[in-house]
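Coordinates as given in run_24.pdb (PDB, C-alpha atoms):
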ATOM      1  CA  MET A  25       0.000   0.000   0.000
ATOM      2  CA  GLU A  26       1.320   3.437  -0.953
ATOM      3  CA  LYS A  27       2.125   5.560   2.077
ATOM      4  CA  GLN A  28      -0.066   8.627   2.514
ATOM      5  CA  TYR A  29       1.369  12.036   3.392
ATOM      6  CA  LEU A  30      -1.509  14.363   2.526
ATOM      7  CA  PHE A  31      -5.039  13.915   3.865
ATOM      8  CA  THR A  32      -8.152  15.418   2.305
ATOM      9  CA  SER A  33     -10.860  13.411   4.063
ATOM     10  CA  GLY A  34     -11.487  12.794   7.736
ATOM     11  CA  PRO A  35      -9.466  13.834  10.781
ATOM     12  CA  ILE A  36      -5.793  13.079  11.351
ATOM     13  CA  ARG A  37      -5.630  10.109  13.715
ATOM     14  CA  ALA A  38      -2.023   8.905  13.444
ATOM     15  CA  GLU A  39       0.250  10.975  15.650
ATOM     16  CA  GLU A  40       3.114  10.970  13.141
ATOM     17  CA  HIS A  41       0.941  12.887  10.679
ATOM     18  CA  PHE A  42      -0.290  15.543  13.107
ATOM     19  CA  PHE A  43       1.283  18.968  12.627
ATOM     20  CA  GLY A  44       1.578  22.047  14.823
ATOM     21  CA  ARG A  45      -1.021  23.249  17.349
ATOM     22  CA  ALA A  46       1.547  23.231  20.175
ATOM     23  CA  VAL A  47       0.068  26.348  21.807
ATOM     24  CA  GLU A  48      -3.495  25.033  21.575
ATOM     25  CA  THR A  49      -2.452  21.618  22.883
ATOM     26  CA  GLU A  50      -0.717  23.198  25.863
ATOM     27  CA  GLU A  51      -3.727  25.397  26.598
ATOM     28  CA  VAL A  52      -6.353  22.658  26.321
ATOM     29  CA  LEU A  53      -4.449  20.004  28.269
ATOM     30  CA  GLY A  54      -3.309  22.578  30.798
ATOM     31  CA  ARG A  55      -6.925  23.502  31.473
ATOM     32  CA  LEU A  56      -7.985  19.861  31.712
ATOM     33  CA  SER A  57      -5.154  19.092  34.125
ATOM     34  CA  ARG A  58      -6.582  21.862  36.340
ATOM     35  CA  ASP A  59     -10.077  20.307  36.149
ATOM     36  CA  GLN A  60     -11.493  22.869  33.708
ATOM     37  CA  ASN A  61     -13.803  22.020  30.821
ATOM     38  CA  VAL A  62     -12.879  23.277  27.354
ATOM     39  CA  SER A  63     -14.842  24.370  24.304
ATOM     40  CA  ILE A  64     -12.897  24.185  21.011
ATOM     41  CA  VAL A  65     -14.367  26.476  18.367
ATOM     42  CA  GLY A  66     -13.341  26.948  14.755
ATOM     43  CA  PRO A  67     -14.593  26.907  11.152
ATOM     44  CA  ARG A  68     -15.252  23.745   9.205
ATOM     45  CA  LYS A  69     -12.260  21.496   8.553
ATOM     46  CA  ILE A  70      -9.883  23.693  10.571
ATOM     47  CA  GLY A  71      -8.692  20.627  12.496
ATOM     48  CA  LYS A  72     -10.965  20.396  15.550
ATOM     49  CA  SER A  73     -11.446  16.631  15.313
ATOM     50  CA  SER A  74      -7.757  16.097  14.612
ATOM     51  CA  LEU A  75      -6.883  18.093  17.732
ATOM     52  CA  LEU A  76      -9.247  15.960  19.820
ATOM     53  CA  HIS A  77      -7.545  12.774  18.640
ATOM     54  CA  HIS A  78      -4.148  14.391  19.227
ATOM     55  CA  ILE A  79      -4.727  15.437  22.841
ATOM     56  CA  SER A  80      -6.136  12.006  23.723
ATOM     57  CA  LYS A  81      -2.871  10.237  22.875
ATOM     58  CA  PRO A  82      -0.999   9.215  26.073
ATOM     59  CA  VAL A  83       2.301  10.234  24.487
ATOM     60  CA  VAL A  84       0.841  13.747  24.226
ATOM     61  CA  PHE A  85      -1.183  14.251  27.399
ATOM     62  CA  GLU A  86       1.469  12.682  29.633
ATOM     63  CA  GLU A  87       3.707  15.627  28.700
ATOM     64  CA  HIS A  88       1.092  17.969  30.194
ATOM     65  CA  ARG A  89       0.786  16.842  33.808
ATOM     66  CA  MET A  90      -1.667  14.026  33.112
ATOM     67  CA  SER A  91      -1.323  10.248  33.466
ATOM     68  CA  ARG A  92      -2.580   7.333  31.399
ATOM     69  CA  THR A  93      -3.177   5.368  34.605
ATOM     70  CA  ARG A  94      -5.644   8.013  35.815
ATOM     71  CA  HIS A  95      -6.974  10.005  32.858
ATOM     72  CA  ARG A  96      -9.162   8.359  30.222
ATOM     73  CA  PHE A  97     -10.311  10.205  27.100
ATOM     74  CA  VAL A  98     -13.617   9.153  25.551
ATOM     75  CA  TYR A  99     -14.312  10.349  21.998
ATOM     76  CA  ILE A 100     -17.970  10.788  20.992
ATOM     77  CA  ASP A 101     -19.065  11.818  17.497
ATOM     78  CA  CYS A 102     -22.313  13.681  18.179
ATOM     79  CA  HIS A 103     -23.496  13.005  14.627
ATOM     80  CA  GLU A 104     -24.122   9.458  15.860
ATOM     81  CA  LEU A 105     -26.302  10.764  18.721
ATOM     82  CA  ALA A 106     -28.347  13.171  16.605
ATOM     83  CA  ASN A 107     -31.473  10.992  16.444
ATOM     84  CA  LEU A 108     -31.244   9.196  19.798
ATOM     85  CA  ASP A 109     -33.404   9.942  22.812
ATOM     86  CA  ALA A 110     -31.914  10.789  26.210
ATOM     87  CA  SER A 111     -31.548   7.194  27.369
ATOM     88  CA  GLY A 112     -30.052   6.196  24.022
ATOM     89  CA  CYS A 113     -27.487   9.007  24.243
ATOM     90  CA  ARG A 114     -26.543   8.043  27.777
ATOM     91  CA  ALA A 115     -26.143   4.394  26.787
ATOM     92  CA  ALA A 116     -24.013   5.312  23.765
ATOM     93  CA  ILE A 117     -21.686   7.486  25.858
ATOM     94  CA  VAL A 118     -21.270   4.831  28.545
ATOM     95  CA  ARG A 119     -20.724   2.130  25.924
ATOM     96  CA  GLN A 120     -17.826   4.114  24.473
ATOM     97  CA  ALA A 121     -16.523   4.974  27.949
ATOM     98  CA  LYS A 122     -16.439   1.306  28.946
ATOM     99  CA  GLN A 123     -14.076   0.611  26.056
ATOM    100  CA  GLU A 124     -11.612   3.066  27.581
ATOM    101  CA  MET A 125     -12.275   1.918  31.172
ATOM    102  CA  PRO A 126     -12.864  -1.856  31.075
ATOM    103  CA  GLU A 127     -12.056  -2.128  34.771
ATOM    104  CA  VAL A 128     -15.315  -0.305  35.624
ATOM    105  CA  THR A 129     -18.249  -2.722  35.700
ATOM    106  CA  LEU A 130     -21.933  -2.241  36.482
ATOM    107  CA  SER A 131     -24.745  -4.799  36.504
ATOM    108  CA  LEU A 132     -27.612  -2.455  35.589
ATOM    109  CA  PRO A 133     -29.020  -2.527  32.017
ATOM    110  CA  PRO A 134     -27.311   0.212  29.929
ATOM    111  CA  ARG A 135     -30.558   2.106  29.291
ATOM    112  CA  ALA A 136     -31.646   2.149  32.933
ATOM    113  CA  ALA A 137     -32.234   5.662  34.282
ATOM    114  CA  GLU A 138     -29.625   5.248  37.035
ATOM    115  CA  TYR A 139     -26.988   3.598  34.857
ATOM    116  CA  PHE A 140     -25.328   6.788  33.645
ATOM    117  CA  ARG A 141     -24.907   8.323  37.103
ATOM    118  CA  ARG A 142     -23.839   5.083  38.776
ATOM    119  CA  PHE A 143     -21.314   4.279  36.073
ATOM    120  CA  PHE A 144     -19.464   7.559  36.527
ATOM    121  CA  ARG A 145     -19.667   7.195  40.304
ATOM    122  CA  GLN A 146     -17.814   3.908  39.824
ATOM    123  CA  VAL A 147     -15.293   5.662  37.598
ATOM    124  CA  GLU A 148     -14.585   8.174  40.354
ATOM    125  CA  ARG A 149     -14.309   5.456  42.984
ATOM    126  CA  ALA A 150     -11.787   3.643  40.782
ATOM    127  CA  GLY A 151      -9.587   6.744  40.972
ATOM    128  CA  LEU A 152     -10.062   7.579  37.296
ATOM    129  CA  ARG A 153     -10.776  10.912  35.643
ATOM    130  CA  CYS A 154     -12.992  10.640  32.577
ATOM    131  CA  ILE A 155     -12.693  13.304  29.858
ATOM    132  CA  ILE A 156     -15.657  13.084  27.475
ATOM    133  CA  MET A 157     -14.917  14.702  24.109
ATOM    134  CA  LEU A 158     -18.128  15.685  22.310
ATOM    135  CA  ASP A 159     -17.212  16.347  18.691
ATOM    136  CA  HIS A 160     -19.646  18.073  16.284
ATOM    137  CA  PHE A 161     -21.495  19.388  19.322
ATOM    138  CA  GLU A 162     -24.030  21.228  17.146
ATOM    139  CA  SER A 163     -25.664  17.882  16.350
ATOM    140  CA  PHE A 164     -26.083  17.258  20.052
ATOM    141  CA  ILE A 165     -27.695  20.643  20.698
ATOM    142  CA  THR A 166     -30.110  20.407  17.763
ATOM    143  CA  ASN A 167     -31.373  16.954  18.797
ATOM    144  CA  CYS A 168     -35.008  17.726  19.623
ATOM    145  CA  ARG A 169     -35.349  14.468  21.581
ATOM    146  CA  LEU A 170     -33.076  15.809  24.327
ATOM    147  CA  ASP A 171     -34.602  17.973  27.022
ATOM    148  CA  GLN A 172     -33.430  20.332  29.736
ATOM    149  CA  ASP A 173     -32.848  17.512  32.203
ATOM    150  CA  TYR A 174     -30.342  15.882  29.883
ATOM    151  CA  LEU A 175     -27.913  18.807  29.807
ATOM    152  CA  ASP A 176     -28.462  19.381  33.504
ATOM    153  CA  ASN A 177     -27.493  15.754  34.150
ATOM    154  CA  LEU A 178     -24.290  16.229  32.180
ATOM    155  CA  ARG A 179     -23.541  19.274  34.297
ATOM    156  CA  ALA A 180     -24.246  17.263  37.444
ATOM    157  CA  MET A 181     -21.694  14.614  36.402
ATOM    158  CA  ASN A 182     -19.089  17.372  36.309
ATOM    159  CA  ALA A 183     -20.030  18.698  39.722
ATOM    160  CA  MET A 184     -20.662  15.398  41.514
ATOM    161  CA  HIS A 185     -18.282  12.909  39.910
ATOM    162  CA  ARG A 186     -15.626  15.162  38.372
ATOM    163  CA  VAL A 187     -16.352  14.177  34.761
ATOM    164  CA  LEU A 188     -14.624  16.645  32.437
ATOM    165  CA  TYR A 189     -15.837  17.714  28.998
ATOM    166  CA  VAL A 190     -14.240  18.934  25.801
ATOM    167  CA  VAL A 191     -16.787  20.044  23.215
ATOM    168  CA  ALA A 192     -15.872  20.921  19.633
ATOM    169  CA  SER A 193     -18.144  23.031  17.452
ATOM    170  CA  ILE A 194     -18.205  25.476  14.575
ATOM    171  CA  GLU A 195     -20.299  27.961  16.526
ATOM    172  CA  PRO A 196     -19.323  29.264  19.979
ATOM    173  CA  LEU A 197     -21.280  27.921  22.931
ATOM    174  CA  SER A 198     -22.937  31.301  23.492
ATOM    175  CA  ARG A 199     -24.643  30.956  20.112
ATOM    176  CA  LEU A 200     -25.494  27.298  20.656
ATOM    177  CA  GLU A 201     -27.016  28.252  23.989
ATOM    178  CA  GLN A 202     -29.257  30.735  22.184
ATOM    179  CA  ARG A 203     -30.319  28.045  19.715
ATOM    180  CA  TRP A 204     -31.038  25.682  22.590
ATOM    181  CA  SER A 205     -33.220  28.228  24.383
ATOM    182  CA  THR A 206     -35.159  29.274  21.259
ATOM    183  CA  ARG A 207     -36.657  25.825  20.911
ATOM    184  CA  GLY A 208     -38.456  26.244  24.248
ATOM    185  CA  SER A 209     -35.792  25.027  26.638
ATOM    186  CA  GLN A 210     -34.464  27.021  29.529
ATOM    187  CA  THR A 211     -30.861  28.087  29.699
ATOM    188  CA  SER A 212     -28.779  25.259  31.117
ATOM    189  CA  PRO A 213     -25.844  25.756  33.523
ATOM    190  CA  PHE A 214     -23.982  23.256  31.339
ATOM    191  CA  PHE A 215     -23.035  26.092  28.969
ATOM    192  CA  ASN A 216     -21.352  28.071  31.740
ATOM    193  CA  ILE A 217     -18.563  25.678  32.707
ATOM    194  CA  PHE A 218     -16.281  25.987  29.680
ATOM    195  CA  TYR A 219     -13.090  27.793  28.796
ATOM    196  CA  ASN A 220     -13.210  28.878  25.154
ATOM    197  CA  GLN A 221     -10.326  27.833  22.878
ATOM    198  CA  VAL A 222     -10.489  29.229  19.334
ATOM    199  CA  LEU A 223      -8.779  27.234  16.583
ATOM    200  CA  LYS A 224      -7.416  29.545  13.892
ATOM    201  CA  PRO A 225      -5.633  28.975  10.560
ATOM    202  CA  PHE A 226      -1.890  28.381  10.561
ATOM    203  CA  SER A 227       0.404  31.382  10.318
ATOM    204  CA  GLU A 228       2.335  31.842   7.059
ATOM    205  CA  GLU A 229       5.441  30.402   8.702
ATOM    206  CA  GLU A 230       3.521  27.384   9.991
ATOM    207  CA  SER A 231       1.883  26.870   6.594
ATOM    208  CA  LEU A 232       5.258  26.905   4.828
ATOM    209  CA  ALA A 233       6.762  24.507   7.380
ATOM    210  CA  PHE A 234       3.746  22.223   6.963
ATOM    211  CA  LEU A 235       4.121  22.074   3.185
ATOM    212  CA  GLN A 236       7.876  21.588   3.358
ATOM    213  CA  ARG A 237       7.478  18.709   5.793
ATOM    214  CA  ARG A 238       4.761  17.002   3.754
ATOM    215  CA  PHE A 239       6.573  17.395   0.438
ATOM    216  CA  ALA A 240       9.874  16.201   1.918
ATOM    217  CA  SER A 241       8.154  13.127   3.395
ATOM    218  CA  ALA A 242       6.765  12.321  -0.048
ATOM    219  CA  SER A 243      10.144  13.039  -1.720
ATOM    220  CA  LEU A 244       8.583  15.787  -3.828
ATOM    221  CA  CYS A 245      10.603  18.695  -5.169
ATOM    222  CA  VAL A 246       8.096  21.530  -5.567
ATOM    223  CA  PRO A 247       9.372  24.886  -6.913
ATOM    224  CA  ASN A 248       8.833  28.089  -4.968
ATOM    225  CA  PRO A 249       6.265  29.583  -7.390
ATOM    226  CA  ALA A 250       3.984  26.563  -6.864
ATOM    227  CA  VAL A 251       4.441  26.722  -3.094
ATOM    228  CA  ASP A 252       3.575  30.437  -3.155
ATOM    229  CA  LEU A 253       0.408  29.684  -5.112
ATOM    230  CA  ILE A 254      -0.655  27.175  -2.463
ATOM    231  CA  LEU A 255       0.109  29.533   0.418
ATOM    232  CA  ASN A 256      -1.799  32.413  -1.164
ATOM    233  CA  TRP A 257      -4.782  30.217  -1.959
ATOM    234  CA  ALA A 258      -5.043  28.264   1.309
ATOM    235  CA  GLN A 259      -4.543  31.257   3.640
ATOM    236  CA  GLY A 260      -3.333  28.958   6.403
ATOM    237  CA  HIS A 261      -6.373  26.680   6.414
ATOM    238  CA  PRO A 262      -5.066  23.120   7.070
ATOM    239  CA  PHE A 263      -7.655  21.396   4.894
ATOM    240  CA  TYR A 264      -6.861  23.599   1.911
ATOM    241  CA  LEU A 265      -3.140  23.168   2.420
ATOM    242  CA  GLN A 266      -3.712  19.405   2.300
ATOM    243  CA  SER A 267      -5.984  19.658  -0.753
ATOM    244  CA  ALA A 268      -3.599  21.866  -2.713
ATOM    245  CA  GLY A 269      -0.636  19.734  -1.696
ATOM    246  CA  ALA A 270      -2.398  16.598  -2.917
ATOM    247  CA  LEU A 271      -3.177  18.363  -6.190
ATOM    248  CA  VAL A 272       0.487  19.254  -6.681
ATOM    249  CA  GLU A 273       1.514  15.681  -5.878
ATOM    250  CA  ASN A 274      -0.855  14.330  -8.543
ATOM    251  CA  LEU A 275       0.360  16.830 -11.123
ATOM    252  CA  LEU A 276       3.975  15.900 -10.433
ATOM    253  CA  ASN A 277       3.229  12.198 -10.676
ATOM    254  CA  ASP A 278       1.447  12.735 -13.992
ATOM    255  CA  SER A 279       4.429  14.651 -15.358
ATOM    256  CA  GLY A 280       6.992  12.105 -14.246
ATOM    257  CA  GLY A 281       8.307  14.318 -11.462
ATOM    258  CA  GLU A 282       9.353  17.209 -13.697
ATOM    259  CA  TRP A 283       7.934  20.642 -12.922
ATOM    260  CA  ASN A 284       7.566  23.348 -15.559
ATOM    261  CA  GLU A 285       5.663  26.555 -16.207
ATOM    262  CA  ARG A 286       2.800  24.667 -17.783
ATOM    263  CA  LEU A 287       2.226  22.812 -14.506
ATOM    264  CA  THR A 288       2.319  26.087 -12.599
ATOM    265  CA  ASN A 289      -0.478  27.374 -14.821
ATOM    266  CA  ARG A 290      -2.402  24.151 -14.357
ATOM    267  CA  ILE A 291      -2.260  24.348 -10.590
ATOM    268  CA  GLN A 292      -3.427  27.959 -10.768
ATOM    269  CA  ASP A 293      -6.429  26.883 -12.860
ATOM    270  CA  ARG A 294      -7.216  23.903 -10.625
ATOM    271  CA  LEU A 295      -7.018  25.971  -7.439
ATOM    272  CA  THR A 296      -9.378  28.511  -8.951
ATOM    273  CA  ALA A 297     -11.805  25.706  -9.800
ATOM    274  CA  LEU A 298     -11.543  24.308  -6.268
ATOM    275  CA  SER A 299     -12.311  27.723  -4.812
ATOM    276  CA  GLU A 300     -15.421  28.070  -6.943
ATOM    277  CA  SER A 301     -16.747  24.591  -6.107
ATOM    278  CA  ASP A 302     -15.911  24.533  -2.399
ATOM    279  CA  SER A 303     -16.393  28.127  -1.260
ATOM    280  CA  SER A 304     -20.102  27.812  -0.567
ATOM    281  CA  GLN A 305     -19.601  24.648   1.479
ATOM    282  CA  TYR A 306     -16.500  25.346   3.569
ATOM    283  CA  ARG A 307     -15.145  28.845   3.286
TER     284      ARG A 307
END

Turn the structure described in the file into structure tokens.
Amino acid sequence: MEKQYLFTSGPIRAEEHFFGRAVETEEVLGRLSRDQNVSIVGPRKIGKSSLLHHISKPVVFEEHRMSRTRHRFVYIDCHELANLDASGCRAAIVRQAKQEMPEVTLSLPPRAAEYFRRFFRQVERAGLRCIIMLDHFESFITNCRLDQDYLDNLRAMNAMHRVLYVVASIEPLSRLEQRWSTRGSQTSPFFNIFYNQVLKPFSEEESLAFLQRRFASASLCVPNPAVDLILNWAQGHPFYLQSAGALVENLLNDSGGEWNERLTNRIQDRLTALSESDSSQYR
């Protein structure tokens, strides 16, 4: 199988392919190590999911005053909870949590009303700290089958059993709170327990370093004019850096590895076409 160096679909899961975000990693894990909940906010495909997978790696979080013997990260894709009722959501979260904490056992049926609370009481008694990462949190908030009690119960797990949360969303929690309340629900204290971490595009220096690292890993020799085109087009957005890099790789492979002015013009045309087709969806 050909080794992959540029990724244009899905989050980065393998640690060797993750790039940058040292400041954000330090901030998020620093807050979690001090028992603070974190909200990660940023535009589509900016790398929120990739950052969640990154911070949950023991090799990463153990460098930030946390321990794999005590801290357990539980990743939840809220898209998968979008159509579940409250008991179904609770069961799904506990089911995923049990995979990360097999030493915690409970005899109650997973959908029992008391199961959720008792499970995390057992987690606390086992000396573990559970960090629940709720990715695509908008899907959670817009689930009309969840009521006020559900969010309040999540908040209670934080207060009573020291469960920590990291939520990732395109919109800030203040706006999601407004959307929650407009559907007839009261404001929940759950929204008030988070530190806000904004995920921004890479700087120009980071973008250049990213491209240089990816191209070197793939043994690609890309001329400066082509690199400049990518940097100007992507504006530091990781997904667009990946997309443009993959485009350049394909063009080079098609040309036998030789770059010329004709290929520079082709990449300019292709990037323009990508902008026109993708701008309404992502930009």

* Asked: So how far away is atom CA of Val187 of chain A from atom CA of Arg145 of chain A, in Å?
  ->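 Answer for the atom CA of Arg145 of chain A to atom CA of Val187 of chain A separation: 9.5 Å.
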
* Asked: When the PyMOL selection byres ((chain A and resi 165) around 9) is applied to the file above, which residues end up in the set, as a list in words?
  ->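 For this structure, the PyMOL selection byres ((chain A and resi 165) around 9) resolves to Ala106, Phe161, Glu162, Ser163, Phe164, Thr166, Asn167, Cys168, Leu170, Leu200, Glu201, Arg203 and Trp204 of chain A.
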
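Those residues returned by the PyMOL selection byres ((chain A and resi 65) around 9) for this file are Ser63, Ile64, Gly66, Pro67, Lys72, Val191, Ala192, Ser193, Ile194, Glu195, Pro196, Leu197, Asn220, Gln221, Val222, Leu223 and Lys224 of chain A.
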
* Asked: atom CA of Ile117 of chain A to atom CA of Ala183 of chain A: how many Å, to one decimal?
  -> 17.9 Å

* Asked: Quick one, how far is atom CA of Glu229 of chain A from atom CA of Ser243 of chain A?
  ->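 Going from atom CA of Glu229 of chain A over to atom CA of Ser243 of chain A covers 20.8 Å.
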
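Evaluated against this file, the PyMOL selection byres ((chain A and resi 283) around 12) yields Leu244, Cys245, Val246, Pro247, Asn248, Pro249, Ala250, Val272, Glu273, Asn274, Leu275, Leu276, Asn277, Asp278, Ser279, Gly280, Gly281, Glu282, Asn284, Glu285, Arg286, Leu287, Thr288, Asn289, Arg290 and Ile291 of chain A.
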
Let's have the selection written as a short mmCIF file (atom, residue, chain, number, x, y, z; two decimals), keeping the file's coordinate frame, with C-alpha atoms.
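What landed in selection.cif:
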data_model
loop_
_atom_site.label_atom_id
_atom_site.label_comp_id
_atom_site.auth_asym_id
_atom_site.auth_seq_id
_atom_site.Cartn_x
_atom_site.Cartn_y
_atom_site.Cartn_z
CA LEU A 244 8.58 15.79 -3.83
CA CYS A 245 10.60 18.70 -5.17
CA VAL A 246 8.10 21.53 -5.57
CA PRO A 247 9.37 24.89 -6.91
CA ASN A 248 8.83 28.09 -4.97
CA PRO A 249 6.26 29.58 -7.39
CA ALA A 250 3.98 26.56 -6.86
CA VAL A 272 0.49 19.25 -6.68
CA GLU A 273 1.51 15.68 -5.88
CA ASN A 274 -0.86 14.33 -8.54
CA LEU A 275 0.36 16.83 -11.12
CA LEU A 276 3.98 15.90 -10.43
CA ASN A 277 3.23 12.20 -10.68
CA ASP A 278 1.45 12.74 -13.99
CA SER A 279 4.43 14.65 -15.36
CA GLY A 280 6.99 12.10 -14.25
CA GLY A 281 8.31 14.32 -11.46
CA GLU A 282 9.35 17.21 -13.70
CA ASN A 284 7.57 23.35 -15.56
CA GLU A 285 5.66 26.56 -16.21
CA ARG A 286 2.80 24.67 -17.78
CA LEU A 287 2.23 22.81 -14.51
CA THR A 288 2.32 26.09 -12.60
CA ASN A 289 -0.48 27.37 -14.82
CA ARG A 290 -2.40 24.15 -14.36
CA ILE A 291 -2.26 24.35 -10.59
#

* To do: Using only C-alpha atoms, pick whichever of A:Ile217, A:Phe140, A:Gly44, A:Ile36 has the shortest atom-to-atom distance to Arg237 of chain A.
  =>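 Closest candidate: A:Gly44.
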
* Asked: Could you pull the residues within 10 Å of Ser73 of chain A, counting all atoms listed in the file, minus those fewer than 5 positions along the same chain, as number ranges by chain?
  -> A: 34-37, 64, 78, 99, 101, 157-160, 192-193

* **Counting all atoms listed in the file, the residue of A:Gln60, A:Thr49, A:Ser212, A:Asn107 that sits nearest Tyr189 of chain A** => A:Gln60

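Shortest separation to Gly112 of chain A among A:Phe43, A:Tyr139, A:Phe239, A:Trp257 occurs at residue A:Tyr139, atoms counted being only C-alpha atoms.
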
* Asked: Nearest to Gln172 of chain A: which of A:Ala110, A:Leu265, A:Leu75, A:Leu53 is it, counting all atoms listed in the file?
  ->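 With all atoms listed in the file as the atom set, the closest residue is A:Ala110.
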
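Among A:Leu130, A:Ala121, A:Leu152, A:Leu108, the residue with the shortest atom-to-atom distance to Asp171 of chain A, counting all atoms listed in the file, is A:Leu108.
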
* To do: Determine the nearest neighbour of Glu124 of chain A from the options A:Thr206, A:Asn61, A:Ser80, A:Ser241, counting all atoms listed in the file.
  =>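 Selected residue with least distance to Glu124 of chain A: A:Ser80.
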
* **For Tyr264 of chain A: contacts at 9 Å, only C-alpha atoms, fewer than 4 positions along chain excluded, given as a PyMOL selection string** => chain A and resi 32+69+254+257-260+268-269

As an mmCIF file, in the coordinates of the input, could you write out segment 83-97 of chain A once it has been completed with N, CA and C atoms?
data_model
loop_
_atom_site.group_PDB
_atom_site.id
_atom_site.type_symbol
_atom_site.label_atom_id
_atom_site.label_comp_id
_atom_site.auth_asym_id
_atom_site.auth_seq_id
_atom_site.Cartn_x
_atom_site.Cartn_y
_atom_site.Cartn_z
ATOM 1 N N VAL A 83 0.991 9.635 24.728
ATOM 2 C CA VAL A 83 2.301 10.234 24.487
ATOM 3 C C VAL A 83 2.230 11.752 24.485
ATOM 4 N N VAL A 84 1.034 12.297 24.228
ATOM 5 C CA VAL A 84 0.841 13.747 24.226
ATOM 6 C C VAL A 84 0.418 14.237 25.601
ATOM 7 N N PHE A 85 -0.662 13.671 26.153
ATOM 8 C CA PHE A 85 -1.183 14.251 27.399
ATOM 9 C C PHE A 85 -0.282 13.969 28.601
ATOM 10 N N GLU A 86 0.571 12.931 28.514
ATOM 11 C CA GLU A 86 1.469 12.682 29.633
ATOM 12 C C GLU A 86 2.582 13.730 29.720
ATOM 13 N N GLU A 87 2.759 14.515 28.659
ATOM 14 C CA GLU A 87 3.707 15.627 28.700
ATOM 15 C C GLU A 87 3.081 16.884 29.301
ATOM 16 N N HIS A 88 1.812 16.798 29.682
ATOM 17 C CA HIS A 88 1.092 17.969 30.194
ATOM 18 C C HIS A 88 0.428 17.660 31.540
ATOM 19 N N ARG A 89 1.200 17.046 32.411
ATOM 20 C CA ARG A 89 0.786 16.842 33.808
ATOM 21 C C ARG A 89 -0.453 15.944 33.935
ATOM 22 N N MET A 90 -0.579 14.992 33.033
ATOM 23 C CA MET A 90 -1.667 14.026 33.112
ATOM 24 C C MET A 90 -1.066 12.630 32.994
ATOM 25 N N SER A 91 -1.850 11.610 33.399
ATOM 26 C CA SER A 91 -1.323 10.248 33.466
ATOM 27 C C SER A 91 -2.279 9.268 32.811
ATOM 28 N N ARG A 92 -1.727 8.331 32.052
ATOM 29 C CA ARG A 92 -2.580 7.333 31.399
ATOM 30 C C ARG A 92 -3.199 6.363 32.404
ATOM 31 N N THR A 93 -2.609 6.238 33.586
ATOM 32 C CA THR A 93 -3.177 5.368 34.605
ATOM 33 C C THR A 93 -4.379 6.000 35.283
ATOM 34 N N ARG A 94 -4.543 7.313 35.144
ATOM 35 C CA ARG A 94 -5.644 8.013 35.815
ATOM 36 C C ARG A 94 -6.610 8.657 34.841
ATOM 37 N N HIS A 95 -6.117 9.251 33.772
ATOM 38 C CA HIS A 95 -6.974 10.005 32.858
ATOM 39 C C HIS A 95 -7.358 9.144 31.656
ATOM 40 N N ARG A 96 -8.646 9.121 31.355
ATOM 41 C CA ARG A 96 -9.162 8.359 30.222
ATOM 42 C C ARG A 96 -9.996 9.278 29.329
ATOM 43 N N PHE A 97 -9.618 9.359 28.072
ATOM 44 C CA PHE A 97 -10.311 10.205 27.100
ATOM 45 C C PHE A 97 -11.319 9.360 26.327
#
